[in-house]
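Please read the structure below before turning to the comments.
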Amino acid sequence: MNVAIVTGAGSGIGRAIAVQLAAEGYKVLANDFRTEAAEAVAVEIGGLACGGDVSNEVDVAAMVAKAEASFGPVTHLINNAGHVHQGRFTELKVEEFDRMIAVHLRGTFLCTQAVLKGMLARGQGVIVNIASQLGQIGGIELVHYSAAKAGIIGLTKALAREVSAQGVRVNAVAPGPINTPLVRSLSADWQRAKAAELPLGRFGEPEEVAATVAFLCSPAASLFVGQTLGPNSGDVML
Ligand SMILES: NC(=O)c1ccc[n+]([C@@H]2O[C@H](COP(=O)([O-])OP(=O)(O)OC[C@H]3O[C@@H](n4cnc5c(N)ncnc54)[C@H](O)[C@@H]3O)[C@@H](O)[C@H]2O)c1
C-alpha cells in the first residue's frame, strides 16, 4: 500500500498533491501548521490530518508516528511546506533569514530523516522535495528564499547519490509561478511583470505541479534520481 505524507497540504500546491495522490489510491496524511486547513483537506480526500511545524523535531516525529499508526509504513514523502517573504538583502532581518532556512531546508531535512531509516530498511521509498525555480536562477528581494530552495536542490542531489542504490528515489520539483495564495502575496508589480515574460503566457495551476509530483512518485519515474523537474511555464529552460 502507498502511504504518503504531504507537508503544507492545507493550501495551494500541497493541497493539490494530496488530492491527486488520494485519487490515485494513496493513503495520505495531510500536514500543515494551520491545523484546521490540514483537517479540511483530510476530510475532502478521506485522509488523515496532522497539525505541526516541519521545522520542529517533536512535531515531525509525531506526524510520522501518526501516519504509521493509522496507515502503516510511510512509502512516499512530499516535502512541500513553505512560505515566502520579500525584502532587500540589506534590510533582511536575521530572524527572517533563519526562519526561511528553518522551514524550507531544516524542515526538509527533519521530515526526510524521520522516514528515511524505515524506507532503507524496507528497501523502497520515494521522496519529492518542492524547491523553486528561484533556487536555480535567484530572485530579487528573495535572497533568503532562493538560498533555501537552492539548498533543497543540493540536499536532493546529495541524498539521491547516497540512497538510490538502496531503493529510495529522491527528486525535486522546481515550479515557476503557480497560482496560489503564496504567489498572490507577492507584490502586484512583480506578478504583472512575471506573467508578461512567461513563454506560456500564464502562471501554472497547483494541479499542474501535482501531476509532476505524482509522476515522480510513480514507478514510471524509476530512472529519475536526483533530478529537478521544472513545471514553470517555460520561464527557466535547462
Ligand atoms: N506558488 C508558487 O509560485 C511556488 C513556486 C515555486 C515553489 N513554490 C513552493 O511550493 C510550496 C507550496 O507553496 P504554495 O504556493 O502552495 O503556498 P501556500 O501558501 O498556498 O501553501 C503553503 C502551505 O504550507 C503551510 N506551511 C508553511 N510553513 C509551514 C511549516 N513550517 N510547517 C507546516 N506547514 C507550513 C502553510 O500553512 C500553507 O498551508 C512551497 O514550498 C513554495 O515555496 C511555490
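Each chain in the C-alpha cells gets a letter, A, B, ..., in the order shown, and its residues are numbered from 1; ligands are numbered from 1 in order too.
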Neighbours of ligand 1 within 6 Å, counting only C-alpha atoms and all ligand atoms, as a CSV table (one decimal) with C-alpha atoms, in the first residue's frame?
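Below is the file part-v2.csv, written as the result:
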```csv
chain,number,residue,atom,x,y,z
A,7,THR,CA,3.6,18.7,4.3
A,8,GLY,CA,2.0,22.1,3.9
A,9,ALA,CA,-1.1,20.3,2.4
A,10,GLY,CA,-3.6,22.8,3.7
A,11,SER,CA,-3.3,25.1,0.7
A,12,GLY,CA,-2.1,25.6,-2.8
A,13,ILE,CA,0.3,23.1,-4.3
A,14,GLY,CA,0.4,20.8,-1.2
A,32,ASP,CA,0.0,21.8,7.9
A,33,PHE,CA,0.9,24.1,10.8
A,34,ARG,CA,-2.6,25.6,10.2
A,52,GLY,CA,2.6,20.7,13.1
A,53,ASP,CA,5.6,22.8,12.1
A,54,VAL,CA,8.0,21.0,9.8
A,55,SER,CA,10.9,22.8,11.4
A,80,ASN,CA,6.2,20.9,0.3
A,81,ALA,CA,5.6,23.2,3.3
A,82,GLY,CA,6.9,26.7,2.8
A,83,HIS,CA,6.3,30.4,2.9
A,103,VAL,CA,11.0,26.0,7.3
A,130,ILE,CA,9.4,21.0,-3.6
A,131,ALA,CA,12.1,23.6,-4.4
A,132,SER,CA,11.5,26.5,-6.8
A,174,ALA,CA,11.2,23.5,-9.1
A,175,PRO,CA,7.9,25.2,-10.0
A,176,GLY,CA,7.7,28.5,-11.7
A,177,PRO,CA,5.0,31.0,-10.6
A,178,ILE,CA,1.9,29.0,-9.6
A,179,ASN,CA,-1.5,30.5,-8.8
A,180,THR,CA,-1.6,30.0,-5.1
A,181,PRO,CA,-2.0,32.3,-2.0
A,182,LEU,CA,1.8,32.3,-1.7
A,183,VAL,CA,2.3,33.9,-5.1
```
Exercise. Please identify all polymer residues within 8 Å of range 215-231 of chain A, counting only C-alpha atoms, omitting same-chain residues fewer than 6 positions from it, and present them as a list in words.
Key: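 Contacts, in chain order: His76, Val126, Ile127, Val128, Gln133, Ile153, Thr156, Lys157, Ala158, Leu159, Ala160, Arg161, Ser164, Arg169, Val170, Asn171, Ala172, Val173, Ala174, Pro175, Gly176, Gly204, Glu208 and Val209 of chain A.
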Quiz item: Using only C-alpha atoms, which of the listed residues (A:Ala210, A:Val43, A:Ala69, A:Ala62) sits closest to Val6 in chain A?
Solution: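 Once distances to Val6 in chain A are computed over only C-alpha atoms, the minimum belongs to A:Ala210.
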Quiz item: Which residue out of A:Ala214, A:Ile45, A:Ala102, A:Val3 has the minimum interatomic distance to Tyr145 in chain A when only C-alpha atoms are used?
Solution: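 Under the stated criterion, the closest residue is A:Ala102.
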Self-check item: DSSP strand (DSSP E or B) residues within range 30-202 of chain A, as a PyMOL selection string
Solution: chain A and resi 30-32+48-51+76-79+125-130+168-173+178
Restricting the output to C-alpha atoms, write the selected residues as a PDB file, in the first residue's frame.
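The file below, again.pdb, is the result:
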```pdb
ATOM      1  CA  ALA A  30      -2.041  15.985   5.189  1.00  0.00           C
ATOM      2  CA  ASN A  31       0.234  18.076   7.392  1.00  0.00           C
ATOM      3  CA  ASP A  32       0.011  21.815   7.923  1.00  0.00           C
ATOM      4  CA  LEU A  48      -5.592  11.887   7.907  1.00  0.00           C
ATOM      5  CA  ALA A  49      -4.700  15.355   9.204  1.00  0.00           C
ATOM      6  CA  CYS A  50      -1.819  16.384  11.376  1.00  0.00           C
ATOM      7  CA  GLY A  51      -1.048  19.893  12.569  1.00  0.00           C
ATOM      8  CA  HIS A  76       6.200   8.471  -0.012  1.00  0.00           C
ATOM      9  CA  LEU A  77       7.198  11.813   1.481  1.00  0.00           C
ATOM     10  CA  ILE A  78       6.439  15.111  -0.210  1.00  0.00           C
ATOM     11  CA  ASN A  79       8.346  17.974   1.408  1.00  0.00           C
ATOM     12  CA  GLY A 125      10.669   4.685  -0.839  1.00  0.00           C
ATOM     13  CA  VAL A 126      10.113   7.911  -2.739  1.00  0.00           C
ATOM     14  CA  ILE A 127      10.904  11.428  -1.591  1.00  0.00           C
ATOM     15  CA  VAL A 128       9.909  14.510  -3.582  1.00  0.00           C
ATOM     16  CA  ASN A 129      11.153  17.893  -2.438  1.00  0.00           C
ATOM     17  CA  ILE A 130       9.397  21.033  -3.611  1.00  0.00           C
ATOM     18  CA  VAL A 168      14.902   5.113  -2.248  1.00  0.00           C
ATOM     19  CA  ARG A 169      14.374   7.613  -5.072  1.00  0.00           C
ATOM     20  CA  VAL A 170      14.842  11.272  -4.203  1.00  0.00           C
ATOM     21  CA  ASN A 171      13.938  14.055  -6.632  1.00  0.00           C
ATOM     22  CA  ALA A 172      12.962  17.702  -6.580  1.00  0.00           C
ATOM     23  CA  VAL A 173      10.363  19.806  -8.362  1.00  0.00           C
ATOM     24  CA  ILE A 178       1.893  28.992  -9.620  1.00  0.00           C
TER      25      ILE A 178
END
```
Quiz item: How many Å lie between CA of Asn232 in chain A and CA of Glu96 in chain A, rounded to one decimal?
Solution: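 Atom-to-atom, CA of Asn232 in chain A and CA of Glu96 in chain A are spaced 26.2 Å apart.
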Self-check item: Nearest to Asp59 in chain A by atom-to-atom distance, counting only C-alpha atoms, from A:Leu110, A:Leu155, A:Ala188, A:Ala148
Solution: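 Residue with the minimum atom-to-atom distance to Asp59 in chain A: A:Leu110.
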Exercise. Determine, counting only C-alpha atoms, which protein, DNA and RNA residues have an atom within 10 Å of an atom of Leu186 in chain A; residues of the same chain fewer than 4 positions away are not included. Present the result as a list in words.
Key: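 Counting only C-alpha atoms, the residues come to Val84, His85, Gln86, Pro181, Leu182, Trp190 and Gln191 of chain A.
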Exercise. Kindly indicate which residue among A:Gly167, A:Pro206, A:Gly151, A:Gly234 lies nearest to His104 in chain A, using only C-alpha atoms for the distances.
Key: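 Of all the options, A:Gly151 lies closest to His104 in chain A.
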Quiz item: Which residues come within 7 Å of range 139-144 of chain A, counting only C-alpha atoms, excluding same-chain residues fewer than 4 positions away, as a VMD selection string?
Solution: chain A and resid 86 to 89 97 100 134 148
